[in-house]
Every structure is written in structure tokens, then in C-alpha cells.
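Peer 1: As input, take protein16.tsv (TSV, C-alpha atoms):
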```
chain	number	residue	atom	x	y	z
A	1	MET	CA	-21.95	1.14	-7.94
A	2	ARG	CA	-21.19	-0.39	-4.54
A	3	HIS	CA	-23.31	1.99	-2.53
A	4	GLY	CA	-26.15	2.39	-5.00
A	5	LEU	CA	-27.25	-0.19	-7.51
A	6	MET	CA	-24.78	-2.85	-6.38
A	7	ALA	CA	-26.06	-2.41	-2.86
A	8	LEU	CA	-29.45	-3.50	-4.11
A	9	GLY	CA	-28.34	-6.79	-5.60
A	10	LEU	CA	-30.38	-7.71	-8.68
A	11	ALA	CA	-31.00	-4.09	-9.56
A	12	ALA	CA	-27.31	-3.77	-10.33
A	13	THR	CA	-28.17	-4.65	-13.90
A	14	VAL	CA	-30.26	-1.51	-14.29
A	15	ALA	CA	-28.51	1.69	-15.33
A	16	GLY	CA	-28.89	4.61	-12.95
A	17	PRO	CA	-29.46	8.26	-13.88
A	18	ALA	CA	-26.66	10.35	-15.31
A	19	GLY	CA	-24.50	12.08	-12.71
A	20	ALA	CA	-25.16	15.71	-11.84
A	21	TYR	CA	-22.56	16.55	-9.20
A	22	ASP	CA	-19.09	16.78	-10.68
A	23	GLY	CA	-17.03	17.28	-7.52
A	24	LEU	CA	-15.12	14.83	-5.36
A	25	VAL	CA	-16.24	13.97	-1.83
A	26	GLU	CA	-14.29	12.87	1.21
A	27	LYS	CA	-15.26	10.33	3.84
A	28	GLN	CA	-14.80	11.78	7.31
A	29	SER	CA	-15.23	10.13	10.69
A	30	PHE	CA	-16.93	11.11	13.92
A	31	THR	CA	-16.43	9.62	17.36
A	32	TYR	CA	-19.35	9.97	19.75
A	33	PRO	CA	-18.26	11.87	22.88
A	34	GLY	CA	-17.95	9.40	25.75
A	35	ALA	CA	-19.68	6.05	26.08
A	36	PHE	CA	-22.91	5.59	24.10
A	37	THR	CA	-26.10	4.42	25.80
A	38	THR	CA	-28.63	2.74	23.54
A	39	VAL	CA	-32.40	3.14	23.63
A	40	GLY	CA	-32.48	-0.24	25.38
A	41	GLY	CA	-30.09	0.95	28.10
A	42	ALA	CA	-26.97	-0.93	26.98
A	43	THR	CA	-23.57	0.77	26.86
A	44	ILE	CA	-21.16	0.79	23.92
A	45	ALA	CA	-17.73	1.98	25.01
A	46	GLN	CA	-16.95	3.79	21.78
A	47	VAL	CA	-19.10	4.61	18.76
A	48	LYS	CA	-17.48	5.80	15.55
A	49	VAL	CA	-19.27	6.49	12.26
A	50	GLY	CA	-18.41	7.94	8.87
A	51	TYR	CA	-20.01	10.94	7.23
A	52	GLU	CA	-19.83	13.05	4.07
A	53	THR	CA	-20.74	16.67	3.45
A	54	LEU	CA	-21.25	18.89	0.41
A	55	GLY	CA	-21.84	22.64	0.37
A	56	LYS	CA	-21.22	25.09	3.18
A	57	LEU	CA	-23.06	25.66	6.45
A	58	ASP	CA	-24.34	29.22	6.72
A	59	ALA	CA	-23.58	31.51	9.67
A	60	ALA	CA	-26.94	30.77	11.30
A	61	GLY	CA	-26.42	27.02	11.01
A	62	SER	CA	-29.82	26.73	9.36
A	63	ASN	CA	-29.30	25.64	5.75
A	64	ALA	CA	-28.44	21.98	6.42
A	65	ILE	CA	-30.19	19.02	4.78
A	66	LEU	CA	-29.59	15.65	6.41
A	67	ILE	CA	-29.77	12.61	4.11
A	68	PRO	CA	-29.94	9.32	6.07
A	69	HIS	CA	-29.29	6.28	3.87
A	70	PHE	CA	-31.20	3.10	3.05
A	71	PHE	CA	-30.58	-0.40	4.47
A	72	SER	CA	-27.73	-1.49	2.22
A	73	GLY	CA	-26.34	1.98	1.53
A	74	THR	CA	-23.81	4.29	3.12
A	75	SER	CA	-23.37	8.02	3.48
A	76	HIS	CA	-22.20	8.16	-0.17
A	77	PHE	CA	-25.23	9.92	-1.66
A	78	ALA	CA	-23.45	11.96	-4.36
A	79	GLY	CA	-20.16	12.63	-6.07
A	80	ARG	CA	-17.12	10.39	-6.35
A	81	TYR	CA	-14.23	9.65	-4.02
A	82	LYS	CA	-11.81	9.58	-6.94
A	83	ALA	CA	-12.11	10.95	-10.46
A	84	ASP	CA	-11.95	7.45	-11.93
A	85	ASP	CA	-14.68	5.93	-9.74
A	86	LYS	CA	-17.04	3.96	-11.97
A	87	ALA	CA	-20.18	5.52	-10.53
A	88	PRO	CA	-21.22	8.33	-8.18
A	89	GLY	CA	-23.34	8.25	-5.04
A	90	TYR	CA	-26.88	6.95	-5.29
A	91	TRP	CA	-28.77	10.29	-5.49
A	92	ASP	CA	-26.16	12.09	-7.57
A	93	ALA	CA	-28.75	13.20	-10.14
A	94	LEU	CA	-30.42	15.41	-7.50
A	95	VAL	CA	-27.23	17.07	-6.25
A	96	GLY	CA	-25.26	20.08	-7.47
A	97	PRO	CA	-25.63	23.76	-8.31
A	98	GLY	CA	-29.12	24.46	-9.63
A	99	LYS	CA	-30.30	20.95	-8.74
A	100	PRO	CA	-32.92	20.19	-6.04
A	101	LEU	CA	-30.17	19.52	-3.50
A	102	ASP	CA	-28.33	22.66	-4.48
A	103	THR	CA	-24.78	22.72	-3.12
A	104	ASP	CA	-24.67	26.51	-3.58
A	105	LYS	CA	-27.64	26.91	-1.21
A	106	TYR	CA	-27.56	23.96	1.18
A	107	PHE	CA	-25.14	22.17	3.45
A	108	LEU	CA	-25.74	18.49	2.71
A	109	ILE	CA	-24.71	15.80	5.15
A	110	SER	CA	-25.11	12.04	5.37
A	111	VAL	CA	-23.90	9.60	8.04
A	112	ASP	CA	-23.02	5.89	7.95
A	113	SER	CA	-25.45	3.95	10.12
A	114	LEU	CA	-24.49	1.86	13.10
A	115	CYS	CA	-24.09	-1.80	12.04
A	116	ASN	CA	-23.49	-0.68	8.46
A	117	ILE	CA	-23.17	-3.81	6.34
A	118	ASN	CA	-20.48	-2.29	4.07
A	119	VAL	CA	-17.79	-2.40	6.75
A	120	LYS	CA	-15.52	-4.50	4.47
A	121	ASP	CA	-15.28	-1.94	1.68
A	122	GLY	CA	-12.51	0.05	3.35
A	123	ILE	CA	-14.57	3.25	3.09
A	124	ALA	CA	-17.61	2.94	5.36
A	125	VAL	CA	-17.01	3.77	9.02
A	126	THR	CA	-19.34	2.12	11.48
A	127	THR	CA	-19.67	0.46	14.87
A	128	GLY	CA	-21.37	-2.93	15.07
A	129	PRO	CA	-20.80	-6.63	15.74
A	130	ALA	CA	-17.74	-6.68	13.45
A	131	SER	CA	-16.08	-3.87	15.44
A	132	ILE	CA	-13.43	-4.52	18.05
A	133	ASP	CA	-14.68	-4.43	21.63
A	134	PRO	CA	-12.05	-2.33	23.47
A	135	GLY	CA	-12.71	-4.38	26.58
A	136	THR	CA	-11.67	-7.69	24.99
A	137	GLY	CA	-9.64	-6.74	21.92
A	138	LYS	CA	-11.88	-9.03	19.85
A	139	PRO	CA	-14.92	-8.42	17.61
A	140	TYR	CA	-18.14	-7.87	19.56
A	141	GLY	CA	-19.98	-10.63	17.69
A	142	SER	CA	-23.05	-11.75	19.65
A	143	HIS	CA	-22.14	-9.44	22.53
A	144	PHE	CA	-22.92	-6.29	20.56
A	145	PRO	CA	-26.10	-4.80	22.03
A	146	GLU	CA	-29.35	-4.38	20.17
A	147	VAL	CA	-29.57	-0.96	18.54
A	148	GLN	CA	-32.54	0.89	17.11
A	149	ILE	CA	-33.21	3.57	14.51
A	150	ARG	CA	-33.48	6.10	17.34
A	151	ASP	CA	-29.86	5.26	18.24
A	152	PHE	CA	-28.80	6.18	14.70
A	153	VAL	CA	-30.54	9.53	15.13
A	154	THR	CA	-28.87	10.14	18.49
A	155	VAL	CA	-25.44	9.67	16.94
A	156	GLN	CA	-26.36	11.98	14.04
A	157	LYS	CA	-27.61	14.64	16.46
A	158	ALA	CA	-24.28	14.63	18.30
A	159	LEU	CA	-22.44	15.04	15.00
A	160	LEU	CA	-24.70	17.89	13.86
A	161	ASP	CA	-24.17	19.64	17.19
A	162	LYS	CA	-20.41	19.38	16.68
A	163	LEU	CA	-20.71	20.79	13.15
A	164	GLY	CA	-22.76	23.75	14.37
A	165	VAL	CA	-26.08	22.81	12.76
A	166	LYS	CA	-28.91	24.61	14.57
A	167	LYS	CA	-31.78	23.91	12.18
A	168	LEU	CA	-32.45	21.34	9.51
A	169	HIS	CA	-33.91	22.91	6.39
A	170	ALA	CA	-34.94	19.32	5.65
A	171	VAL	CA	-34.26	15.72	6.49
A	172	MET	CA	-34.64	13.42	3.50
A	173	GLY	CA	-34.14	9.68	3.24
A	174	ALA	CA	-35.20	6.55	1.37
A	175	SER	CA	-36.47	3.33	2.96
A	176	MET	CA	-34.48	2.91	6.20
A	177	GLY	CA	-33.43	6.50	5.57
A	178	SER	CA	-37.10	7.48	5.74
A	179	MET	CA	-37.37	5.78	9.14
A	180	GLN	CA	-34.53	7.95	10.41
A	181	SER	CA	-36.16	10.99	8.81
A	182	TYR	CA	-39.49	10.31	10.51
A	183	GLU	CA	-37.68	9.80	13.82
A	184	TRP	CA	-35.84	13.08	13.43
A	185	ALA	CA	-39.12	14.93	12.81
A	186	ALA	CA	-40.77	13.25	15.80
A	187	SER	CA	-37.84	13.62	18.22
A	188	TYR	CA	-36.70	17.14	17.28
A	189	PRO	CA	-39.82	18.91	15.96
A	190	SER	CA	-38.44	22.40	16.62
A	191	MET	CA	-35.25	21.63	14.66
A	192	VAL	CA	-36.71	19.95	11.55
A	193	GLU	CA	-38.48	22.30	9.13
A	194	ARG	CA	-39.19	19.84	6.32
A	195	LEU	CA	-39.46	16.06	6.06
A	196	ILE	CA	-39.11	14.18	2.78
A	197	ALA	CA	-39.85	10.47	3.17
A	198	VAL	CA	-39.02	8.37	0.10
A	199	ILE	CA	-40.26	4.76	-0.33
A	200	PRO	CA	-41.08	5.25	3.32
A	201	SER	CA	-42.09	3.43	6.46
A	202	ALA	CA	-43.24	5.20	9.62
A	203	GLN	CA	-43.65	1.90	11.43
A	204	ALA	CA	-42.71	-1.74	10.96
A	205	ASP	CA	-46.13	-3.39	11.11
A	206	ALA	CA	-46.64	-7.11	11.71
A	207	TYR	CA	-46.31	-7.96	8.02
A	208	THR	CA	-43.10	-5.96	7.60
A	209	ILE	CA	-41.59	-7.36	10.79
A	210	GLU	CA	-42.04	-10.93	9.58
A	211	ARG	CA	-40.95	-10.08	6.03
A	212	VAL	CA	-37.71	-8.44	7.14
A	213	ARG	CA	-37.07	-11.05	9.83
A	214	HIS	CA	-36.62	-13.66	7.08
A	215	TRP	CA	-33.49	-11.88	5.85
A	216	GLY	CA	-31.76	-12.36	9.17
A	217	ASP	CA	-33.14	-15.84	9.80
A	218	ILE	CA	-31.68	-17.09	6.51
A	219	VAL	CA	-28.20	-15.99	7.61
A	220	LYS	CA	-28.63	-17.76	10.95
A	221	LEU	CA	-29.38	-21.07	9.21
A	222	ASP	CA	-25.81	-21.17	7.89
A	223	PRO	CA	-23.75	-23.59	10.05
A	224	ASN	CA	-20.94	-21.04	10.05
A	225	TRP	CA	-23.12	-18.42	11.78
A	226	LYS	CA	-22.30	-19.82	15.26
A	227	HIS	CA	-24.74	-17.47	17.00
A	228	GLY	CA	-22.89	-14.48	15.55
A	229	ASP	CA	-19.47	-15.49	16.91
A	230	TYR	CA	-17.92	-16.68	13.66
A	231	TYR	CA	-15.24	-13.96	13.55
A	232	GLY	CA	-11.78	-15.43	13.04
A	233	GLY	CA	-13.22	-18.48	11.27
A	234	PRO	CA	-15.28	-19.31	8.18
A	235	GLU	CA	-17.97	-16.74	7.51
A	236	PRO	CA	-21.64	-17.63	6.90
A	237	LEU	CA	-21.29	-16.74	3.23
A	238	ASP	CA	-23.91	-19.18	1.93
A	239	GLY	CA	-26.55	-17.84	4.31
A	240	LEU	CA	-25.73	-14.22	3.60
A	241	THR	CA	-25.80	-14.87	-0.16
A	242	MET	CA	-29.27	-16.38	0.07
A	243	ALA	CA	-30.41	-13.51	2.29
A	244	PHE	CA	-29.31	-11.02	-0.38
A	245	LYS	CA	-31.23	-12.99	-3.02
A	246	VAL	CA	-34.41	-12.76	-0.96
A	247	LEU	CA	-33.82	-9.12	-0.03
A	248	SER	CA	-33.22	-8.14	-3.65
A	249	LEU	CA	-36.37	-9.82	-4.90
A	250	ASP	CA	-38.39	-8.29	-2.05
A	251	THR	CA	-37.29	-4.82	-3.17
A	252	LEU	CA	-38.17	-5.32	-6.84
A	253	ALA	CA	-41.47	-5.50	-8.73
A	254	PRO	CA	-42.57	-8.10	-11.30
A	255	GLU	CA	-42.23	-5.51	-14.06
A	256	TRP	CA	-38.48	-5.53	-13.48
A	257	GLY	CA	-38.20	-9.26	-14.18
A	258	ALA	CA	-40.24	-9.07	-17.36
A	259	ALA	CA	-38.23	-6.14	-18.71
A	260	GLN	CA	-34.82	-7.37	-17.66
A	261	PHE	CA	-34.92	-11.13	-18.23
A	262	GLY	CA	-38.28	-12.56	-19.26
A	263	ARG	CA	-37.90	-16.33	-19.58
A	264	LYS	CA	-34.50	-16.28	-21.28
A	265	TRP	CA	-32.23	-19.22	-20.63
A	266	ALA	CA	-28.89	-18.61	-18.94
A	267	ASP	CA	-27.26	-20.66	-21.70
A	268	PRO	CA	-29.08	-20.66	-25.07
A	269	ALA	CA	-27.96	-24.27	-25.55
A	270	LYS	CA	-29.25	-25.53	-22.20
A	271	ASP	CA	-33.01	-25.85	-21.90
A	272	PRO	CA	-34.09	-25.60	-18.21
A	273	ALA	CA	-36.76	-28.19	-18.97
A	274	LYS	CA	-34.08	-30.76	-19.81
A	275	SER	CA	-32.14	-30.68	-16.52
A	276	PRO	CA	-32.43	-29.09	-13.07
A	277	ASP	CA	-28.88	-27.85	-13.59
A	278	ASN	CA	-29.96	-25.74	-16.58
A	279	LEU	CA	-31.04	-22.36	-15.28
A	280	TYR	CA	-32.90	-19.29	-16.48
A	281	ALA	CA	-30.97	-16.06	-16.96
A	282	VAL	CA	-32.74	-14.46	-14.02
A	283	GLU	CA	-31.49	-17.26	-11.76
A	284	THR	CA	-27.84	-16.98	-12.70
A	285	GLY	CA	-28.11	-13.20	-12.56
A	286	ALA	CA	-29.54	-13.34	-9.05
A	287	ASP	CA	-26.91	-15.85	-7.92
A	288	ALA	CA	-24.00	-13.77	-9.18
A	289	ALA	CA	-25.29	-10.47	-7.81
A	290	ALA	CA	-26.08	-11.93	-4.38
A	291	LEU	CA	-22.72	-13.69	-4.05
A	292	SER	CA	-20.85	-10.54	-5.02
A	293	ARG	CA	-22.81	-8.52	-2.49
A	294	ALA	CA	-22.39	-11.09	0.27
A	295	LYS	CA	-18.61	-11.19	-0.15
A	296	ALA	CA	-18.49	-7.43	0.36
A	297	ALA	CA	-20.76	-7.36	3.43
A	298	ASP	CA	-20.60	-8.49	7.04
A	299	ALA	CA	-23.20	-11.00	8.24
A	300	GLY	CA	-23.17	-9.87	11.86
A	301	ASN	CA	-23.79	-6.25	10.94
A	302	PHE	CA	-26.48	-7.41	8.48
A	303	VAL	CA	-28.42	-9.29	11.17
A	304	CYS	CA	-28.04	-6.38	13.58
A	305	LEU	CA	-29.40	-3.94	11.01
A	306	VAL	CA	-32.33	-6.23	10.19
A	307	ARG	CA	-33.32	-6.17	13.86
A	308	ALA	CA	-33.16	-2.38	14.00
A	309	ASN	CA	-35.60	-2.21	11.09
A	310	GLU	CA	-37.96	-4.70	12.74
A	311	LEU	CA	-38.07	-2.65	15.93
A	312	PHE	CA	-38.82	0.67	14.29
A	313	THR	CA	-41.92	2.67	15.05
A	314	VAL	CA	-41.93	6.46	14.82
A	315	GLY	CA	-41.54	8.20	18.14
A	316	GLY	CA	-41.12	4.82	19.84
A	317	LYS	CA	-44.91	4.50	20.03
A	318	ASP	CA	-46.73	1.29	19.13
A	319	ASP	CA	-49.72	3.41	18.11
A	320	LEU	CA	-48.83	5.06	14.80
A	321	ALA	CA	-51.12	8.07	15.25
A	322	GLU	CA	-49.59	8.70	18.67
A	323	GLY	CA	-46.08	8.46	17.27
A	324	LEU	CA	-46.81	10.99	14.53
A	325	LYS	CA	-48.32	13.57	16.88
A	326	THR	CA	-45.06	15.41	17.48
A	327	VAL	CA	-44.25	15.67	13.74
A	328	LYS	CA	-44.74	19.34	12.82
A	329	ALA	CA	-42.45	19.57	9.79
A	330	LYS	CA	-43.89	20.22	6.35
A	331	THR	CA	-43.92	16.74	4.86
A	332	LEU	CA	-43.45	15.35	1.37
A	333	LEU	CA	-44.24	11.65	0.94
A	334	LEU	CA	-42.83	9.84	-2.10
A	335	PRO	CA	-43.78	6.14	-2.12
A	336	SER	CA	-43.35	3.90	-5.16
A	337	HIS	CA	-46.59	2.90	-6.87
A	338	ASN	CA	-45.54	-0.76	-7.19
A	339	ASP	CA	-43.56	-1.18	-3.97
A	340	HIS	CA	-44.00	-4.75	-2.74
A	341	LEU	CA	-41.92	-4.23	0.40
A	342	LEU	CA	-43.20	-0.97	1.89
A	343	PHE	CA	-46.62	-0.55	0.35
A	344	ALA	CA	-47.96	2.77	-0.88
A	345	ASP	CA	-51.21	2.08	1.02
A	346	ALA	CA	-49.32	2.39	4.31
A	347	THR	CA	-47.94	5.77	3.25
A	348	ARG	CA	-51.40	6.96	2.27
A	349	HIS	CA	-52.48	6.11	5.81
A	350	VAL	CA	-49.61	8.20	7.20
A	351	ARG	CA	-50.64	11.04	4.88
A	352	ASP	CA	-54.19	10.91	6.22
A	353	LEU	CA	-53.02	10.86	9.85
A	354	LEU	CA	-50.71	13.84	9.31
A	355	ASP	CA	-53.43	15.74	7.48
A	356	ALA	CA	-55.94	15.04	10.25
A	357	GLN	CA	-53.61	16.43	12.90
A	358	GLY	CA	-53.00	19.61	10.87
A	359	THR	CA	-49.50	18.86	9.61
A	360	LYS	CA	-48.97	20.14	6.09
A	361	VAL	CA	-48.39	17.12	3.84
A	362	GLU	CA	-47.92	16.45	0.12
A	363	TYR	CA	-48.14	13.04	-1.52
A	364	HIS	CA	-46.79	11.88	-4.88
A	365	GLU	CA	-46.12	8.36	-6.15
A	366	LEU	CA	-42.93	7.39	-7.97
A	367	ASP	CA	-43.24	5.47	-11.24
A	368	GLY	CA	-41.00	2.87	-12.83
A	369	PRO	CA	-40.54	-0.92	-13.11
A	370	LEU	CA	-38.29	-1.38	-10.07
A	371	GLY	CA	-40.77	-1.37	-7.19
A	372	HIS	CA	-39.10	-0.30	-3.95
A	373	VAL	CA	-35.86	0.45	-5.82
A	374	ASN	CA	-37.60	3.23	-7.77
A	375	GLY	CA	-36.87	5.41	-4.73
A	376	VAL	CA	-33.12	4.95	-5.10
A	377	VAL	CA	-32.36	4.84	-8.83
A	378	GLY	CA	-35.50	6.54	-10.13
A	379	MET	CA	-35.50	9.73	-8.07
A	380	GLY	CA	-34.69	11.92	-11.05
A	381	GLN	CA	-38.41	11.85	-11.90
A	382	ALA	CA	-39.19	13.66	-8.63
A	383	ALA	CA	-36.56	16.38	-9.06
A	384	ALA	CA	-39.03	19.20	-9.78
A	385	ILE	CA	-41.31	18.14	-6.92
A	386	VAL	CA	-38.42	18.04	-4.45
A	387	GLN	CA	-36.99	21.34	-5.67
A	388	LYS	CA	-40.31	23.12	-5.30
A	389	PHE	CA	-40.93	21.63	-1.87
A	390	LEU	CA	-37.53	22.71	-0.57
A	391	ALA	CA	-38.04	26.23	-1.88
A	392	GLU	CA	-41.45	26.77	-0.30
```
Rewrite the structure of this file - the entire thing - as C-alpha cells.

Peer 2:
Amino acid sequence: MRHGLMALGLAATVAGPAGAYDGLVEKQSFTYPGAFTTVGGATIAQVKVGYETLGKLDAAGSNAILIPHFFSGTSHFAGRYKADDKAPGYWDALVGPGKPLDTDKYFLISVDSLCNINVKDGIAVTTGPASIDPGTGKPYGSHFPEVQIRDFVTVQKALLDKLGVKKLHAVMGASMGSMQSYEWAASYPSMVERLIAVIPSAQADAYTIERVRHWGDIVKLDPNWKHGDYYGGPEPLDGLTMAFKVLSLDTLAPEWGAAQFGRKWADPAKDPAKSPDNLYAVETGADAAALSRAKAADAGNFVCLVRANELFTVGGKDDLAEGLKTVKAKTLLLPSHNDHLLFADATRHVRDLLDAQGTKVEYHELDGPLGHVNGVVGMGQAAAIVQKFLAE
């Protein structure tokens, strides 16, 4: 499941929920009209991103639900591209007629992020360091400007305008998708009616900034990184592989390790206590998953995306309460009870701030052994909650 479990590295060994949406989906592409100016004031000559839609937009343009994706995901949230695809999109269990994301009622849309790390898969469409700079005919590399979550939202807004979307019945995303969802609610309060933030973060605090920074720093330690200008030569595969190992463990909880591996040896005949070359099953599993993921990703886009996550704070305000002030949408918060990356305590604080300012807010914690990843592969447990919230 390249865009779901496989995108989360070690969690690839955990089976996802059964599929609910039976139809096929098509990747489409959108080119931003004219040159794109980033939040930081830099100019990108051409921005192109991929997107997928399910359902039909109503005449009023008001039944749309936007689903921004998580860090290592793409716009592939449900369905299959081909009938023989091994697995559907990551939230497939929630999508389809009669399901919470009902394709008979809602127009569902998701958009590939800028700097999407899956640029090598031949399906994702994105603009980032690996893209060709039309001014030079070569990959941007280190010359690609810094982009922020707000830039992702700006591109999405232009696409929604083109599609005729006037109102968002809801915006709903997990992890980095929740950042985009918060930003939508803060930037376009009159357009967003409901906000569903899953395994969420409304602001990268000091702890999160340093935690996430490690992912990018590990890549940069690879001699092949060459300050991001490695294109055309050896790629920093070792650094990116190690970064995926760290990222994957950061997104999982200890319960996952106990249930999945325990202290089993990788080779029953090779005791780890007898040689440093004898490994535990969890170690070989992590190595294989991370290497597979790294080969399918782009290091430059990865580092760019890490930086965008570090910079995020809702509404562009360093003060969280100030940033949330413009959020008027009815809000559903769904953190994971054992999230060791984006802690539930931080979401409780957001709940209290929204409640204090008079914004209607609901709070429920996701269960399961996967920590942060519960919000991607364990969302079936929240189906009734989401369905009720969208119907209110």
C-alpha cells in the first residue's frame, strides 16, 4: 500500500481495514495560474500538483469535503487506480455510499502537496526540489524556495475555485493533513463549515520542531546529499533510509513493537547475544521497510517537506490562541491516545482554547497499538463519530 501503510514504513506489516469504496479513481493534474508567490515572498515559475475526486459537486458548490494528506501520503485517500491494485487509498474504509464520506452526498477531493516525497512513483504530481526549473532546464535542488503549509492551502484554494467549490462542508485531514485543515479554517472561516483534525497539530512547538528536524538532518549527513544538489549523481539513499527508520519509529507506539515482534530473533539460529551481526526481527523488519521506502522517495522533496512542517503554526501566528481566533468552523478533534509524535495533551489544549472562544468543538481519542499511525489505518473505529458530525 504505497500511499497508506507502506508510506508509514514499519507499519507496513500491519493489515489495514477492509476496503469500502469499490470504484476506480483517476489522478488528475492542476497547474496554478501564473507564477506562484510563496508565503516567504519567493517566486516559483510554475506549480503543478495532482488531485483526485469522488462524488459530484452540487449546483450550489457547497457539498465538497477537502481531504489534505499526511506527510508521507498523497491524494490517494480511497479507491484503486486499477482493478488489480493490491490495496486502496488510506481512508478507503470511510468512503462510499452510506459511509461517513458518502460519495452519493459529498464531493470529495484531495490534492498532492508541494514537495511530495512520492514523486518517483509515476502517479503523484508535485512541484519541489526534484522538479525541473524552467529557467535552467535542470532540477531545482537547493534553489527551490522554502514553502509552508499555507502555500499548500493557497494552491488548493486556486484548484477549488477552478472546480466551482463555493463552500466546504468540511475539511478533514490526518497529521500534516490536519495542519492544512486548521489553516483552511483559519484562513477561510466563511468558507469552511466543519473541521475534522485527526492525529492533529495546530502548531509545531519547540519539541516538535526539534523532533521533526532530525528527519531532515539525518538525510543531510549522507555524503551524497551535496547540499541538495545531488541530482544527476548518486542519491543520498543511506541517509534517507535512516531518516525513514527514525520517522517510522517516531510515529509508532511501544505497544506496536510488543504485538508485532517482541524479542524474536531475525534468524532463529542466530542469537543476537552471540554476535553484533545477529539481529532481532524488529531490526531487520525496520531495515527492509525503510530501504524500500527510501528507494521510492526523493530526498530533496523529503527535506523540503520536513521544513514546511517545522514552520507550521495555525494562522501564521506564534501565539496559538491568537492563531485559532479566526477558526469558526464546528470542530471535531481526533487525536490518538498513545501518540508519541503529536501528543494528545496538545490537542486537549487546542480543544480548551476553541471552547473558550466559543467555537463548537468535540473531542474523542482514537484507540489502538499504533500510536500516531492509529489516525491513518485505524480510522474505521471513528466512522460513526465522523458520520454523525458531518450530518449535524

Peer 1: Of the candidates A:Ser75, A:Thr127, A:Thr284, A:Gln203, which one gets nearest to A:Phe312 if we count all atoms listed in the file?

Peer 2: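 Distance minimum relative to A:Phe312 lands on A:Gln203.
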
Peer 1: What would the list of residues within 12 Å of (-32.1, -4.1, 5.5) (file frame) look like as a PyMOL selection string, if all atoms listed in the file are what count?

Peer 2: chain A and resi 7-8+69-73+113+115-118+149+174-177+179+208-209+211-216+243-244+246-248+250-251+297+299+301-310+341

Peer 1: Given the choices A:Leu291, A:Ala186, A:Ile199, A:Leu252, which gets closest to A:Lys328 if the distance is worked out from all atoms listed in the file?

Peer 2: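 Residue with the minimum atom-to-atom distance to A:Lys328: A:Ala186.
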
Peer 1: Between atom CA of A:Trp184 and atom CA of A:Val119, what is the spacing in Å?

Peer 2: 24.7 Å

Peer 1: Using all atoms listed in the file, which of the listed residues (A:Arg194, A:Lys388, A:Lys264, A:Arg348) sits closest to A:Val327?

Peer 2: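 Closest to A:Val327 of all the choices is A:Arg194.
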
Peer 1: Work out how far apart atom CA of A:Ala202 and atom CA of A:Lys157 are and give it in Å to one decimal.

Peer 2: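 Distance reported for this atom pair: 19.5 Å.
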
Peer 1: Can you pull out every residue within 8 Å of stretch 128-134 of chain A, counting all atoms listed in the file, but drop anything in the same chain fewer than 3 positions away, and send it as number ranges by chain?

Peer 2: A: 45, 114-116, 119, 137-144, 231, 298, 300-301, 304

Peer 1: Please check which residues have atoms at most 12 Å from (-46.6, -1.0, 1.1) in the file's coordinates, counting only C-alpha atoms, and write them as a short mmCIF file (atom, residue, chain, number, x, y, z; two decimals) with C-alpha atoms, keeping the file's coordinate frame.

Peer 2:
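For reference, point-v3.cif as written:
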```cif
data_model
loop_
_atom_site.label_atom_id
_atom_site.label_comp_id
_atom_site.auth_asym_id
_atom_site.auth_seq_id
_atom_site.Cartn_x
_atom_site.Cartn_y
_atom_site.Cartn_z
CA SER A 175 -36.47 3.33 2.96
CA ILE A 199 -40.26 4.76 -0.33
CA PRO A 200 -41.08 5.25 3.32
CA SER A 201 -42.09 3.43 6.46
CA ALA A 202 -43.24 5.20 9.62
CA GLN A 203 -43.65 1.90 11.43
CA ALA A 204 -42.71 -1.74 10.96
CA ASP A 205 -46.13 -3.39 11.11
CA TYR A 207 -46.31 -7.96 8.02
CA THR A 208 -43.10 -5.96 7.60
CA ARG A 211 -40.95 -10.08 6.03
CA ASP A 250 -38.39 -8.29 -2.05
CA THR A 251 -37.29 -4.82 -3.17
CA ALA A 253 -41.47 -5.50 -8.73
CA LEU A 334 -42.83 9.84 -2.10
CA PRO A 335 -43.78 6.14 -2.12
CA SER A 336 -43.35 3.90 -5.16
CA HIS A 337 -46.59 2.90 -6.87
CA ASN A 338 -45.54 -0.76 -7.19
CA ASP A 339 -43.56 -1.18 -3.97
CA HIS A 340 -44.00 -4.75 -2.74
CA LEU A 341 -41.92 -4.23 0.40
CA LEU A 342 -43.20 -0.97 1.89
CA PHE A 343 -46.62 -0.55 0.35
CA ALA A 344 -47.96 2.77 -0.88
CA ASP A 345 -51.21 2.08 1.02
CA ALA A 346 -49.32 2.39 4.31
CA THR A 347 -47.94 5.77 3.25
CA ARG A 348 -51.40 6.96 2.27
CA HIS A 349 -52.48 6.11 5.81
CA VAL A 350 -49.61 8.20 7.20
CA GLU A 365 -46.12 8.36 -6.15
CA GLY A 371 -40.77 -1.37 -7.19
CA HIS A 372 -39.10 -0.30 -3.95
#
```

Peer 1: Write out as a PyMOL selection string each polymer residue whose atoms come within 12 Å of A:Thr43, counting only C-alpha atoms; drop sequence neighbours fewer than 4 positions from it.

Peer 2: chain A and resi 34-39+47+133+143-147+151

Peer 1: Could you jot down the atom CA of A:Val155 to atom CA of A:Val49 separation for me, Å, one decimal place?

Peer 2: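 Taking atom CA of A:Val155 as the start and atom CA of A:Val49 as the end point, the length is 8.4 Å.
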
Peer 1: Of the candidates A:Ile196, A:Ala87, A:Val125, A:Ala296, which one gets nearest to A:Ile65 if we count only C-alpha atoms?

Peer 2: A:Ile196

Peer 1: So which residues touch A:Tyr106 within 12 Å, counting all atoms listed in the file, skipping near sequence neighbours fewer than 3 positions away, as a ChimeraX atom specification?

Peer 2: /A:53-58,61-67,95-103,109,165,167-171,387,390-391

Peer 1: Write the residues of the selection above to a file with C-alpha atoms, as a short mmCIF file (atom, residue, chain, number, x, y, z; two decimals), in the coordinates of the input.

Peer 2:
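Generated output (part_12.cif):
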```
data_model
loop_
_atom_site.label_atom_id
_atom_site.label_comp_id
_atom_site.auth_asym_id
_atom_site.auth_seq_id
_atom_site.Cartn_x
_atom_site.Cartn_y
_atom_site.Cartn_z
CA THR A 53 -20.74 16.67 3.45
CA LEU A 54 -21.25 18.89 0.41
CA GLY A 55 -21.84 22.64 0.37
CA LYS A 56 -21.22 25.09 3.18
CA LEU A 57 -23.06 25.66 6.45
CA ASP A 58 -24.34 29.22 6.72
CA GLY A 61 -26.42 27.02 11.01
CA SER A 62 -29.82 26.73 9.36
CA ASN A 63 -29.30 25.64 5.75
CA ALA A 64 -28.44 21.98 6.42
CA ILE A 65 -30.19 19.02 4.78
CA LEU A 66 -29.59 15.65 6.41
CA ILE A 67 -29.77 12.61 4.11
CA VAL A 95 -27.23 17.07 -6.25
CA GLY A 96 -25.26 20.08 -7.47
CA PRO A 97 -25.63 23.76 -8.31
CA GLY A 98 -29.12 24.46 -9.63
CA LYS A 99 -30.30 20.95 -8.74
CA PRO A 100 -32.92 20.19 -6.04
CA LEU A 101 -30.17 19.52 -3.50
CA ASP A 102 -28.33 22.66 -4.48
CA THR A 103 -24.78 22.72 -3.12
CA ILE A 109 -24.71 15.80 5.15
CA VAL A 165 -26.08 22.81 12.76
CA LYS A 167 -31.78 23.91 12.18
CA LEU A 168 -32.45 21.34 9.51
CA HIS A 169 -33.91 22.91 6.39
CA ALA A 170 -34.94 19.32 5.65
CA VAL A 171 -34.26 15.72 6.49
CA GLN A 387 -36.99 21.34 -5.67
CA LEU A 390 -37.53 22.71 -0.57
CA ALA A 391 -38.04 26.23 -1.88
#
```

Peer 1: Ranking A:Gly50, A:Gly239, A:Pro272, A:Gly228 by minimum distance to A:Gly122 and counting all atoms listed in the file, which one comes first?

Peer 2: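 The closest residue to A:Gly122 is A:Gly50.
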